[in-house]
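Data block for query-v6.cif (mmCIF, C-alpha atoms):
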data_start
loop_
_atom_site.label_atom_id
_atom_site.label_comp_id
_atom_site.auth_asym_id
_atom_site.auth_seq_id
_atom_site.Cartn_x
_atom_site.Cartn_y
_atom_site.Cartn_z
CA MET A 1 -6.30 124.38 105.55
CA ALA A 2 -9.70 123.07 106.48
CA GLY A 3 -8.54 122.85 110.08
CA ASN A 4 -7.38 126.47 110.04
CA GLU A 5 -10.73 127.59 108.78
CA GLN A 6 -12.47 125.64 111.45
CA GLN A 7 -10.33 127.40 113.98
CA GLY A 8 -11.36 130.70 112.43
CA GLY A 9 -14.96 129.90 113.13
CA GLU A 10 -15.87 133.48 113.77
CA HIS A 11 -16.01 134.14 110.04
CA GLY A 12 -19.50 134.46 108.64
CA GLU A 13 -18.76 132.31 105.60
CA GLN A 14 -17.66 129.43 107.76
CA ARG A 15 -20.80 129.69 109.85
CA VAL A 16 -22.96 129.80 106.74
CA SER A 17 -21.39 126.64 105.34
CA GLU A 18 -21.81 124.86 108.66
CA GLN A 19 -25.43 125.96 108.80
CA ARG A 20 -25.95 124.74 105.25
CA GLY A 21 -24.71 121.38 106.36
CA VAL A 22 -23.40 120.43 102.96
CA ASN A 23 -22.04 117.20 104.26
CA GLY A 24 -24.43 116.81 107.15
CA GLY A 25 -22.63 119.49 109.13
CA TYR A 26 -19.19 118.05 108.55
CA THR A 27 -16.94 120.67 107.00
CA GLY A 28 -13.81 118.59 106.63
CA ARG A 29 -13.06 120.21 103.23
CA SER A 30 -12.04 123.76 102.60
CA ASP A 31 -14.83 126.04 101.48
CA ARG A 32 -12.36 127.63 99.11
CA GLN A 33 -12.67 124.50 96.94
CA GLY A 34 -16.43 124.94 96.61
CA ASP A 35 -19.14 122.41 97.14
CA PRO A 36 -17.55 118.92 97.29
CA ALA A 37 -20.57 117.32 95.67
CA GLN A 38 -20.30 119.76 92.78
CA ALA A 39 -16.57 119.05 92.54
CA ASP A 40 -17.32 115.34 92.34
CA GLU A 41 -19.93 116.00 89.68
CA ARG A 42 -17.49 118.08 87.63
CA GLU A 43 -14.89 115.37 87.92
CA GLN A 44 -17.35 112.69 86.83
CA ARG A 45 -18.40 114.80 83.84
CA ALA A 46 -14.76 115.22 82.82
CA LEU A 47 -14.16 111.48 83.12
CA GLY A 48 -17.32 110.72 81.19
CA LYS A 49 -16.34 113.15 78.48
CA GLY A 50 -12.99 111.38 78.13
CA THR A 51 -14.69 108.01 77.82
CA ASN A 52 -17.08 109.45 75.26
CA LYS A 53 -14.17 110.66 73.15
CA GLN A 54 -12.48 107.28 73.29
CA ARG A 55 -15.71 105.60 72.30
CA TYR A 56 -16.21 108.11 69.50
CA TRP A 57 -12.77 107.47 68.06
CA ILE A 58 -12.99 103.68 68.24
CA GLY A 59 -16.28 103.97 66.38
CA ILE A 60 -14.70 106.19 63.76
CA THR A 61 -11.85 103.71 63.47
CA ALA A 62 -14.33 100.90 62.81
CA LEU A 63 -15.87 102.92 59.99
CA ILE A 64 -12.50 103.84 58.50
CA LEU A 65 -11.39 100.21 58.55
CA LEU A 66 -14.62 99.14 56.89
CA ALA A 67 -14.09 101.75 54.20
CA GLY A 68 -10.54 100.48 53.82
CA PHE A 69 -11.88 97.00 53.23
CA PHE A 70 -14.13 98.19 50.41
CA PHE A 71 -11.39 100.29 48.90
CA PHE A 72 -8.38 98.01 49.18
CA GLU A 73 -9.67 94.47 49.47
CA ASN A 74 -12.94 94.31 47.57
CA LYS A 75 -11.53 92.79 44.42
CA SER A 76 -13.77 91.21 41.84
CA THR A 77 -13.37 87.48 41.54
CA VAL A 78 -11.23 86.30 38.66
CA SER A 79 -11.41 82.88 37.12
CA VAL A 80 -9.30 81.05 34.57
CA ASN A 81 -11.84 81.97 31.90
CA ASP A 82 -10.82 85.58 32.31
CA ILE A 83 -7.18 84.88 31.50
CA ARG A 84 -7.40 82.59 28.48
CA SER A 85 -5.08 84.99 26.73
CA GLY A 86 -2.57 84.29 29.46
CA ILE A 87 -2.43 87.86 30.72
CA GLY A 88 -4.19 88.95 33.89
CA LYS A 89 -4.37 92.72 34.10
CA GLY A 90 -3.89 93.95 37.64
CA ILE A 91 -4.08 90.49 39.19
CA SER A 92 -2.02 90.12 42.34
CA ALA A 93 0.70 87.52 42.74
CA GLY A 94 -0.55 84.37 44.41
CA ALA A 95 -4.03 84.53 42.86
CA VAL A 96 -5.54 81.03 42.65
CA LEU A 97 -7.83 80.78 39.65
CA ALA A 98 -8.67 77.10 39.35
CA SER A 99 -8.98 74.06 41.56
CA THR A 100 -7.38 71.66 39.07
CA ASP A 101 -4.75 71.94 36.38
CA GLU A 102 -6.99 70.30 33.80
CA GLY A 103 -9.18 72.38 31.55
CA THR A 104 -7.29 75.63 31.98
CA GLY A 105 -7.03 75.89 28.20
CA LEU A 106 -3.67 77.64 28.36
CA THR A 107 -1.11 77.10 25.62
CA PRO A 108 2.60 77.71 26.11
CA ARG A 109 3.56 81.25 25.15
CA ASP A 110 6.52 83.59 25.29
CA TYR A 111 6.19 87.13 26.57
CA THR A 112 8.10 90.38 26.50
CA ILE A 113 8.01 92.44 29.67
CA ALA A 114 9.09 96.07 29.78
CA MET A 115 10.43 97.13 33.15
CA ASN A 116 10.59 100.58 34.67
CA ASP A 117 13.95 102.15 35.29
CA GLU A 118 15.28 99.27 37.33
CA SER A 119 18.49 98.20 35.68
CA GLY A 120 20.53 95.54 37.40
CA ALA A 121 18.29 93.25 39.37
CA GLY A 122 14.59 92.71 39.38
CA ARG A 123 12.27 90.19 40.99
CA MET A 124 10.10 87.51 39.52
CA LEU A 125 7.22 86.06 41.53
CA ILE A 126 6.18 82.55 40.48
CA TRP A 127 3.36 80.41 41.87
CA ASP A 128 0.93 77.63 40.98
CA PHE A 129 -2.39 79.28 40.15
CA ALA A 130 -4.31 76.00 40.10
CA ALA A 131 -4.04 72.90 42.29
CA GLU A 132 -0.90 72.50 44.38
CA ASP A 133 -0.14 69.14 42.81
CA GLY A 134 3.64 69.04 42.84
CA ASP A 135 4.50 70.71 39.53
CA VAL A 136 8.25 71.29 39.29
CA VAL A 137 10.06 73.82 37.10
CA THR A 138 13.59 75.11 36.59
CA VAL A 139 14.29 78.78 36.02
CA LYS A 140 17.15 80.08 33.89
CA ALA A 141 18.26 83.62 33.16
CA ASP A 142 20.38 84.18 30.06
CA GLY A 143 21.10 80.44 29.99
CA VAL A 144 22.26 80.25 33.61
CA ILE A 145 20.20 78.24 36.10
CA ILE A 146 19.02 80.49 38.93
CA ALA A 147 16.44 78.15 40.49
CA GLU A 148 16.54 74.41 39.92
CA ASN A 149 13.73 71.92 40.52
CA LEU A 150 11.44 74.46 42.11
CA THR A 151 8.20 72.92 43.40
CA LEU A 152 5.37 75.32 42.69
CA LEU A 153 3.02 76.29 45.51
CA ASN A 154 0.02 78.60 45.72
CA ASN A 155 2.17 80.99 47.76
CA PRO A 156 4.53 82.85 45.43
CA PHE A 157 8.31 82.48 45.42
CA ALA A 158 10.48 85.50 44.74
CA ILE A 159 13.48 84.97 42.50
CA SER A 160 16.01 87.66 41.64
CA VAL A 161 16.45 88.04 37.89
CA PRO A 162 18.83 90.33 36.02
CA VAL A 163 17.37 93.23 34.09
CA PRO A 164 17.52 93.15 31.10
CA SER A 165 17.65 89.43 30.41
CA VAL A 166 15.82 86.45 28.92
CA VAL A 167 14.22 84.29 31.60
CA GLU A 168 13.30 80.72 30.74
CA ILE A 169 10.92 78.59 32.77
CA ILE A 170 11.41 74.90 31.94
CA GLY A 171 8.89 72.24 32.87
CA VAL A 172 10.57 69.44 34.87
CA LYS A 173 7.80 67.40 36.48
CA ASP A 174 4.06 67.34 35.96
CA GLY A 175 2.07 66.69 39.10
CA GLY A 176 -1.04 65.96 37.07
CA GLY A 177 -3.07 67.81 34.46
CA GLY A 178 -0.14 69.78 33.09
CA ILE A 179 2.38 72.21 34.55
CA THR A 180 0.60 75.49 35.07
CA TYR A 181 2.00 78.53 36.78
CA GLY A 182 1.69 82.27 37.11
CA VAL A 183 4.49 84.82 37.06
CA LYS A 184 4.63 88.47 37.86
CA PHE A 185 7.45 90.95 37.58
CA PRO A 186 7.15 93.74 40.19
CA GLY A 187 8.37 96.95 38.66
CA ALA A 188 7.04 96.15 35.18
CA ILE A 189 5.42 99.02 33.35
CA SER A 190 2.19 97.07 32.95
CA ASN A 191 0.95 95.63 36.23
CA ASN A 192 0.14 92.25 34.68
CA ALA A 193 0.38 88.71 35.87
CA TYR A 194 1.20 86.11 33.24
CA PHE A 195 -0.35 82.66 33.28
CA ASN A 196 1.27 79.88 31.31
CA ALA A 197 1.60 76.19 30.75
CA ALA A 198 4.99 74.49 30.42
CA PRO A 199 4.96 70.89 29.21
CA VAL A 200 7.71 68.70 30.59
CA GLY A 201 10.99 69.41 28.79
CA SER A 202 9.79 72.56 27.06
CA SER A 203 10.34 76.12 28.14
CA ASN A 204 8.58 79.46 28.11
CA LYS A 205 10.68 82.58 27.54
CA TYR A 206 10.15 85.93 29.19
CA THR A 207 12.20 88.66 27.55
CA ILE A 208 12.74 91.37 30.12
CA THR A 209 13.55 94.72 28.60
CA LEU A 210 14.40 98.01 30.16
CA ASN A 211 12.00 100.77 29.18
CA GLY A 212 11.32 99.10 25.83
CA ALA A 213 15.00 98.69 24.88
CA SER A 214 16.10 95.35 23.42
CA ALA A 215 17.36 92.71 25.80
CA ALA A 216 20.99 91.65 25.71
CA PRO A 217 21.47 88.38 23.78
CA MET K 1 -34.71 91.78 73.32
CA LYS K 2 -31.46 92.95 74.90
CA TRP K 3 -30.93 89.48 76.31
CA LEU K 4 -31.19 88.01 72.81
CA VAL K 5 -28.55 90.47 71.64
CA ALA K 6 -26.41 89.57 74.65
CA ILE K 7 -26.63 85.86 73.81
CA VAL K 8 -25.11 86.65 70.42
CA TYR K 9 -22.76 89.37 71.59
CA HIS K 10 -20.92 87.84 74.53
CA PRO K 11 -19.64 84.56 73.02
CA ILE K 12 -18.26 86.48 70.07
CA MET K 13 -16.73 89.07 72.37
CA LEU K 14 -14.93 86.42 74.40
CA ILE K 15 -13.30 85.10 71.24
CA LEU K 16 -12.54 88.59 69.97
CA ILE K 17 -10.78 89.51 73.20
CA ILE K 18 -8.18 86.83 72.52
CA VAL K 19 -8.03 87.67 68.81
CA THR K 20 -7.54 91.36 69.54
CA LEU K 21 -4.65 90.78 71.89
CA PHE K 22 -2.84 88.45 69.48
CA THR K 23 -3.51 90.36 66.25
CA PRO K 24 -0.62 92.85 66.58
CA PHE K 25 1.86 90.00 66.95
CA MET K 26 0.45 88.16 63.95
CA LEU K 27 0.55 91.28 61.81
CA TYR K 28 4.11 92.03 62.86
CA ASP K 29 5.07 88.51 61.85
CA GLY K 30 3.33 89.01 58.49
CA ILE K 31 5.32 92.18 57.89
CA LYS K 32 8.57 90.38 58.69
CA GLN K 33 7.65 87.68 56.16
CA VAL K 34 7.02 90.25 53.43
CA ILE K 35 10.32 91.99 54.06
CA LYS K 36 12.29 88.75 54.35
CA TYR K 37 10.85 86.79 51.43
CA GLU K 38 9.87 89.78 49.25
CA VAL K 39 6.48 88.27 48.37
CA PRO K 40 3.08 89.79 49.16
CA SER K 41 1.15 88.39 52.09
CA ALA K 42 -2.56 87.92 52.64
CA SER K 43 -2.28 88.57 56.41
CA PHE K 44 -3.58 92.13 56.34
CA SER K 45 -7.34 92.29 56.60
CA PHE K 46 -9.34 95.41 57.26
CA VAL K 47 -12.63 93.63 57.78
CA VAL K 48 -11.43 91.68 60.83
CA LEU K 49 -10.09 94.82 62.47
CA SER K 50 -13.32 96.61 61.66
CA LEU K 51 -15.27 93.86 63.43
CA LEU K 52 -12.98 94.07 66.47
CA ALA K 53 -13.41 97.84 66.66
CA LEU K 54 -17.19 97.54 66.30
CA TRP K 55 -17.45 95.02 69.13
CA VAL K 56 -15.39 97.22 71.44
CA TYR K 57 -17.52 100.21 70.48
CA LEU K 58 -20.66 98.29 71.39
CA ALA K 59 -19.17 97.37 74.76
CA MET K 60 -18.42 101.02 75.43
CA LYS K 61 -21.72 102.30 74.11
CA SER K 62 -24.05 99.91 75.86
CA GLU K 63 -24.04 99.87 79.63
CA PHE K 64 -25.77 96.47 79.58
CA LEU K 65 -23.49 94.75 77.06
CA GLY K 66 -20.27 96.27 78.37
CA ARG K 67 -20.87 95.73 82.08
CA PRO K 68 -18.92 92.44 82.44
CA TYR K 69 -15.93 93.89 80.57
CA ARG K 70 -15.73 96.98 82.76
CA LYS K 71 -15.10 94.76 85.76
CA VAL K 72 -11.57 94.29 84.43
CA THR K 73 -10.82 97.97 84.12
CA ILE K 74 -7.79 97.52 81.90
CA LEU K 75 -9.57 95.33 79.34
CA LEU K 76 -11.41 97.78 77.09
CA PRO K 77 -8.59 100.35 76.97
CA LEU K 78 -6.12 97.57 76.22
CA MET K 79 -8.31 96.29 73.41
CA GLN K 80 -8.60 99.79 71.99
CA MET K 81 -4.84 100.23 71.98
CA ALA K 82 -4.36 96.80 70.40
CA ILE K 83 -6.82 97.73 67.64
CA TYR K 84 -5.09 101.03 66.95
CA THR K 85 -1.72 99.27 66.86
CA SER K 86 -3.12 96.61 64.54
CA ALA K 87 -4.54 99.30 62.26
CA ALA K 88 -1.13 100.95 62.16
CA LEU K 89 0.56 97.65 61.32
CA THR K 90 -2.04 96.89 58.66
CA ALA K 91 -1.47 100.24 57.02
CA GLY K 92 2.27 99.58 56.96
CA GLY K 93 1.69 96.07 55.69
CA LEU K 94 -0.41 97.37 52.81
CA VAL K 95 2.44 99.59 51.69
CA LEU K 96 4.87 96.70 51.85
CA ASN K 97 2.45 94.42 50.01
CA ASP K 98 2.15 97.03 47.30
CA TRP K 99 5.91 97.10 46.93
CA ALA K 100 6.17 93.29 46.90
CA ASP K 101 3.41 92.89 44.31
CA HIS K 102 3.70 95.92 42.05
CA GLY K 103 7.22 97.16 42.68
CA ALA K 104 6.09 100.76 42.34
CA TYR K 105 8.92 101.92 44.62
CA SER K 106 12.08 100.50 46.11
CA LYS K 107 12.29 98.30 49.18
CA SER K 108 13.92 101.04 51.24
CA TRP K 109 11.16 103.47 50.37
CA ALA K 110 8.51 100.87 51.18
CA ILE K 111 9.99 100.18 54.60
CA GLY K 112 10.40 103.91 55.27
CA ILE K 113 6.81 104.73 54.29
CA ALA K 114 5.46 101.79 56.29
CA ALA K 115 7.43 102.84 59.36
CA ALA K 116 6.29 106.47 58.99
CA LEU K 117 2.65 105.38 58.74
CA PHE K 118 2.99 103.21 61.82
CA ILE K 119 4.63 105.99 63.82
CA ALA K 120 2.02 108.53 62.69
CA ILE K 121 -0.91 106.37 63.73
CA ARG K 122 0.73 105.52 67.04
CA LEU K 123 1.33 109.21 67.68
CA LEU K 124 -2.33 109.91 67.01
CA MET K 125 -3.22 107.22 69.52
CA SER K 126 -0.87 108.75 72.07
CA LEU K 127 -2.44 112.15 71.45
CA LEU K 128 -5.91 110.73 72.03
CA TYR K 129 -4.97 109.20 75.36
CA TRP K 130 -3.00 112.24 76.41
CA LYS K 131 -5.97 114.51 75.88
CA HIS K 132 -8.51 111.97 77.16
CA PRO K 133 -6.76 109.65 79.61
CA VAL K 134 -8.09 106.28 80.54
CA ASN K 135 -10.53 106.75 83.45
CA ASN K 136 -9.09 106.42 86.93
CA HIS K 137 -11.94 105.20 89.12
CA ALA K 138 -9.78 105.16 92.30
CA ASP K 139 -11.58 106.40 95.42
CA HIS K 140 -10.47 109.95 96.14
CA HIS K 141 -12.05 110.17 99.65
#

Can the structure in the file be given as structure tokens, please?
Amino acid sequence: MAGNEQQGGEHGEQRVSEQRGVNGGYTGRSDRQGDPAQADEREQRALGKGTNKQRYWIGITALILLAGFFFFENKSTVSVNDIRSGIGKGISAGAVLASTDEGTGLTPRDYTIAMNDESGAGRMLIWDFAAEDGDVVTVKADGVIIAENLTLLNNPFAISVPVPSVVEIIGVKDGGGGITYGVKFPGAISNNAYFNAAPVGSSNKYTITLNGASAAP
Amino acid sequence: MKWLVAIVYHPIMLILIIVTLFTPFMLYDGIKQVIKYEVPSASFSFVVLSLLALWVYLAMKSEFLGRPYRKVTILLPLMQMAIYTSAALTAGGLVLNDWADHGAYSKSWAIGIAAALFIAIRLLMSLLYWKHPVNNHADHH
């Protein structure tokens, strides 16, 4: 098209653009597209605006993620002194509260846990909340072994347990300082973690009920 | 003064480039672990992603700090997309962690909500780059 316009050089507009010498007299582009320098400038502005938007949104993302950290992850530190009663309200599974098993001050207890409407099968999370020293337990549900010689770690294990039922955790081997562990039952009405001690040969019982109803014998 | 900032900024940025590119894979693996073993995972951290996003923002904001990273034209856009993907995976992972720890909803619901969150954030990212494409600095002459 530029060539055609050059051929039509009798037109006043063409002569004016040549006289203006926008590109040093070279009119290789069509005048219908306007000043090429201005077109370049518009294009650069558009590109810059796009980059600005990307920068803006990555900055916003950084702020949102920081807010997410304060909202979701900024949990107050919990120590074993806070759970002398054996119940940790709102504590997440896998929480490590002490560096050694000694001096936790926990005595063996039995608990009753009321579950939400989740008849059939539930989950129990069990972990060592103190030192990973090789404590071993066996888990029974209604007298039937469901996990035998389970070595407790700081990372929780998930074990399927029937609901309702009576779950027993029996101490098998003490790695040193006593067998200490934490359990949590996802789906329980109260979002509690339970911290307990199980001397070798003895057991702790967790009576799992369904919405407060009695457990089956 | 800007050189002092650069001395601090660039070594960290070099490490964060590698971290940013690997983070989506690590988060995906964390999500698989939660679904498979049904226990909560500590893999999902907002503060690390926030730091990654901040460093990329500084590279884009400052002509001086970001100059070496603009030489590889794909780098900063790729890092942005990796951060958005990681944020989407973290959001999904939080939902799954909540299910694994509290059991407030069923496993199917947790997976469904996590997938929906991931898809929604990825769609928002696609919308951003559709409306504001990555710059093409090819010579048009």

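Using only C-alpha atoms, the smallest distance between any of A:Asn192, A:Ser92, A:Gln38, A:Gln54 and Ala100 (chain K) comes from A:Ser92.
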
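In this model, the gap between CA of Gly120 (chain A) and CA of Ala110 (chain K) comes to 19.0 Å.
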
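Distances to Met26 (chain K) were evaluated for K:Leu65, K:Leu89, K:Ile12, K:Leu123 using all atoms listed in the file, and the minimum falls at K:Leu89.
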
| For Pro133 (chain K), which of K:Pro77, K:Met1, K:Gly93, K:Ile15 is the closest residue, counting only C-alpha atoms? | K:Pro77

| request: Determine which residues of chain K sit within 7 Å of chain A, taking into account all atoms listed in the file, and present them as an NGL selection string. | output: :K and (37-39 or 46-47 or 49-50 or 53-54 or 57 or 60 or 80 or 100-104 or 132-133 or 135)

| request: Work out how far CA of Leu76 (chain K) is from CA of Ile119 (chain K), in Å to one decimal. | output: 22.4 Å

| note | Counting all atoms listed in the file, closest pick from K:Ser106, K:Leu75, K:Trp130, K:Ala114 relative to Ala121 (chain A) is K:Ser106

Thr23 (chain K): which residues within 10 Å, counting all atoms listed in the file, same-chain residues fewer than 2 positions away excluded, as a PDB file with C-alpha atoms, keeping the file's coordinate frame?
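Output saved as out-v2.pdb:
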ATOM      1  CA  LEU K  16     -12.540  88.590  69.970  1.00  0.00           C
ATOM      2  CA  ILE K  18      -8.180  86.830  72.520  1.00  0.00           C
ATOM      3  CA  VAL K  19      -8.030  87.670  68.810  1.00  0.00           C
ATOM      4  CA  THR K  20      -7.540  91.360  69.540  1.00  0.00           C
ATOM      5  CA  LEU K  21      -4.650  90.780  71.890  1.00  0.00           C
ATOM      6  CA  PHE K  25       1.860  90.000  66.950  1.00  0.00           C
ATOM      7  CA  MET K  26       0.450  88.160  63.950  1.00  0.00           C
ATOM      8  CA  LEU K  27       0.550  91.280  61.810  1.00  0.00           C
ATOM      9  CA  TYR K  28       4.110  92.030  62.860  1.00  0.00           C
ATOM     10  CA  ASP K  29       5.070  88.510  61.850  1.00  0.00           C
ATOM     11  CA  VAL K  48     -11.430  91.680  60.830  1.00  0.00           C
ATOM     12  CA  LEU K  49     -10.090  94.820  62.470  1.00  0.00           C
ATOM     13  CA  ALA K  82      -4.360  96.800  70.400  1.00  0.00           C
ATOM     14  CA  ILE K  83      -6.820  97.730  67.640  1.00  0.00           C
ATOM     15  CA  THR K  85      -1.720  99.270  66.860  1.00  0.00           C
ATOM     16  CA  SER K  86      -3.120  96.610  64.540  1.00  0.00           C
ATOM     17  CA  ALA K  87      -4.540  99.300  62.260  1.00  0.00           C
ATOM     18  CA  LEU K  89       0.560  97.650  61.320  1.00  0.00           C
TER      19      LEU K  89
END

| said: Taking the file as I've supplied it (selection: the PyMOL selection byres ((chain A and resi 181) around 9)), which residues are included? Please answer as a PyMOL selection string. | reply: chain A and resi 126-130+135+152+179-180+182-183+194-198

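The gap separating CA of Val167 (chain A) from CA of Leu153 (chain A) is 19.6 Å, in Å to one decimal.
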
Extract region 122-208 of chain A from the structure I just pasted (atoms: C-alpha atoms) and return it as a short mmCIF file (atom, residue, chain, number, x, y, z; two decimals), in the first residue's frame.
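Output file part.cif follows:
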data_model
loop_
_atom_site.label_atom_id
_atom_site.label_comp_id
_atom_site.auth_asym_id
_atom_site.auth_seq_id
_atom_site.Cartn_x
_atom_site.Cartn_y
_atom_site.Cartn_z
CA GLY A 122 -13.42 -42.83 61.68
CA ARG A 123 -9.73 -42.00 61.83
CA MET A 124 -7.35 -41.78 64.73
CA LEU A 125 -4.10 -39.86 64.39
CA ILE A 126 -1.35 -40.96 66.79
CA TRP A 127 2.15 -39.54 67.19
CA ASP A 128 4.97 -39.07 69.69
CA PHE A 129 4.71 -35.52 71.02
CA ALA A 130 8.09 -35.64 72.75
CA ALA A 131 11.39 -37.21 71.72
CA GLU A 132 11.31 -39.79 68.94
CA ASP A 133 12.94 -42.40 71.14
CA GLY A 134 11.42 -45.63 69.88
CA ASP A 135 8.26 -45.90 71.98
CA VAL A 136 6.11 -48.78 70.74
CA VAL A 137 2.38 -49.26 71.27
CA THR A 138 -0.37 -51.62 70.11
CA VAL A 139 -3.81 -50.35 69.20
CA LYS A 140 -7.00 -52.35 69.72
CA ALA A 141 -10.59 -51.51 68.86
CA ASP A 142 -13.31 -53.40 70.70
CA GLY A 143 -10.70 -55.98 71.72
CA VAL A 144 -9.42 -56.58 68.19
CA ILE A 145 -5.86 -55.58 67.32
CA ILE A 146 -5.87 -53.05 64.49
CA ALA A 147 -2.23 -51.90 64.72
CA GLU A 148 0.42 -54.03 66.39
CA ASN A 149 3.83 -52.90 67.61
CA LEU A 150 3.52 -49.43 66.16
CA THR A 151 6.68 -47.35 66.61
CA LEU A 152 5.67 -43.80 67.42
CA LEU A 153 7.16 -40.95 65.40
CA ASN A 154 6.71 -37.18 65.49
CA ASN A 155 4.82 -37.47 62.19
CA PRO A 156 1.31 -38.78 62.87
CA PHE A 157 0.00 -42.14 61.71
CA ALA A 158 -3.60 -42.47 60.62
CA ILE A 159 -5.46 -45.57 61.76
CA SER A 160 -9.03 -46.39 60.82
CA VAL A 161 -11.19 -47.05 63.86
CA PRO A 162 -14.84 -48.08 63.98
CA VAL A 163 -17.37 -45.59 65.26
CA PRO A 164 -18.70 -46.14 67.88
CA SER A 165 -16.13 -48.30 69.64
CA VAL A 166 -13.67 -48.52 72.53
CA VAL A 167 -10.10 -47.97 71.39
CA GLU A 168 -7.27 -49.18 73.60
CA ILE A 169 -3.68 -48.04 73.29
CA ILE A 170 -1.35 -50.49 75.03
CA GLY A 171 2.22 -49.66 75.90
CA VAL A 172 4.61 -52.27 74.47
CA LYS A 173 8.11 -50.82 74.63
CA ASP A 174 9.51 -47.77 76.37
CA GLY A 175 12.27 -46.03 74.47
CA GLY A 176 13.26 -44.06 77.55
CA GLY A 177 11.50 -41.72 79.95
CA GLY A 178 8.09 -43.33 79.55
CA ILE A 179 5.76 -43.98 76.63
CA THR A 180 4.16 -40.69 75.72
CA TYR A 181 1.93 -40.04 72.76
CA GLY A 182 -0.74 -37.77 71.38
CA VAL A 183 -3.95 -38.79 69.66
CA LYS A 184 -6.53 -36.89 67.73
CA PHE A 185 -9.81 -38.00 66.24
CA PRO A 186 -10.72 -35.94 63.14
CA GLY A 187 -14.45 -35.47 63.06
CA ALA A 188 -14.80 -35.23 66.84
CA ILE A 189 -17.20 -32.59 68.09
CA SER A 190 -14.47 -30.96 70.16
CA ASN A 191 -11.35 -30.24 68.13
CA ASN A 192 -9.03 -31.54 70.86
CA ALA A 193 -5.81 -33.45 70.86
CA TYR A 194 -5.28 -35.85 73.74
CA PHE A 195 -1.89 -36.36 75.33
CA ASN A 196 -1.26 -39.44 77.41
CA ALA A 197 1.25 -41.73 78.98
CA ALA A 198 1.02 -45.51 78.67
CA PRO A 199 3.33 -47.53 80.91
CA VAL A 200 4.50 -50.82 79.46
CA GLY A 201 1.75 -53.44 79.72
CA SER A 202 -1.00 -51.00 80.65
CA SER A 203 -3.56 -49.45 78.37
CA ASN A 204 -5.46 -46.22 77.92
CA LYS A 205 -9.06 -46.42 76.72
CA TYR A 206 -10.74 -43.99 74.36
CA THR A 207 -14.49 -44.49 74.26
CA ILE A 208 -15.71 -43.19 70.92
#
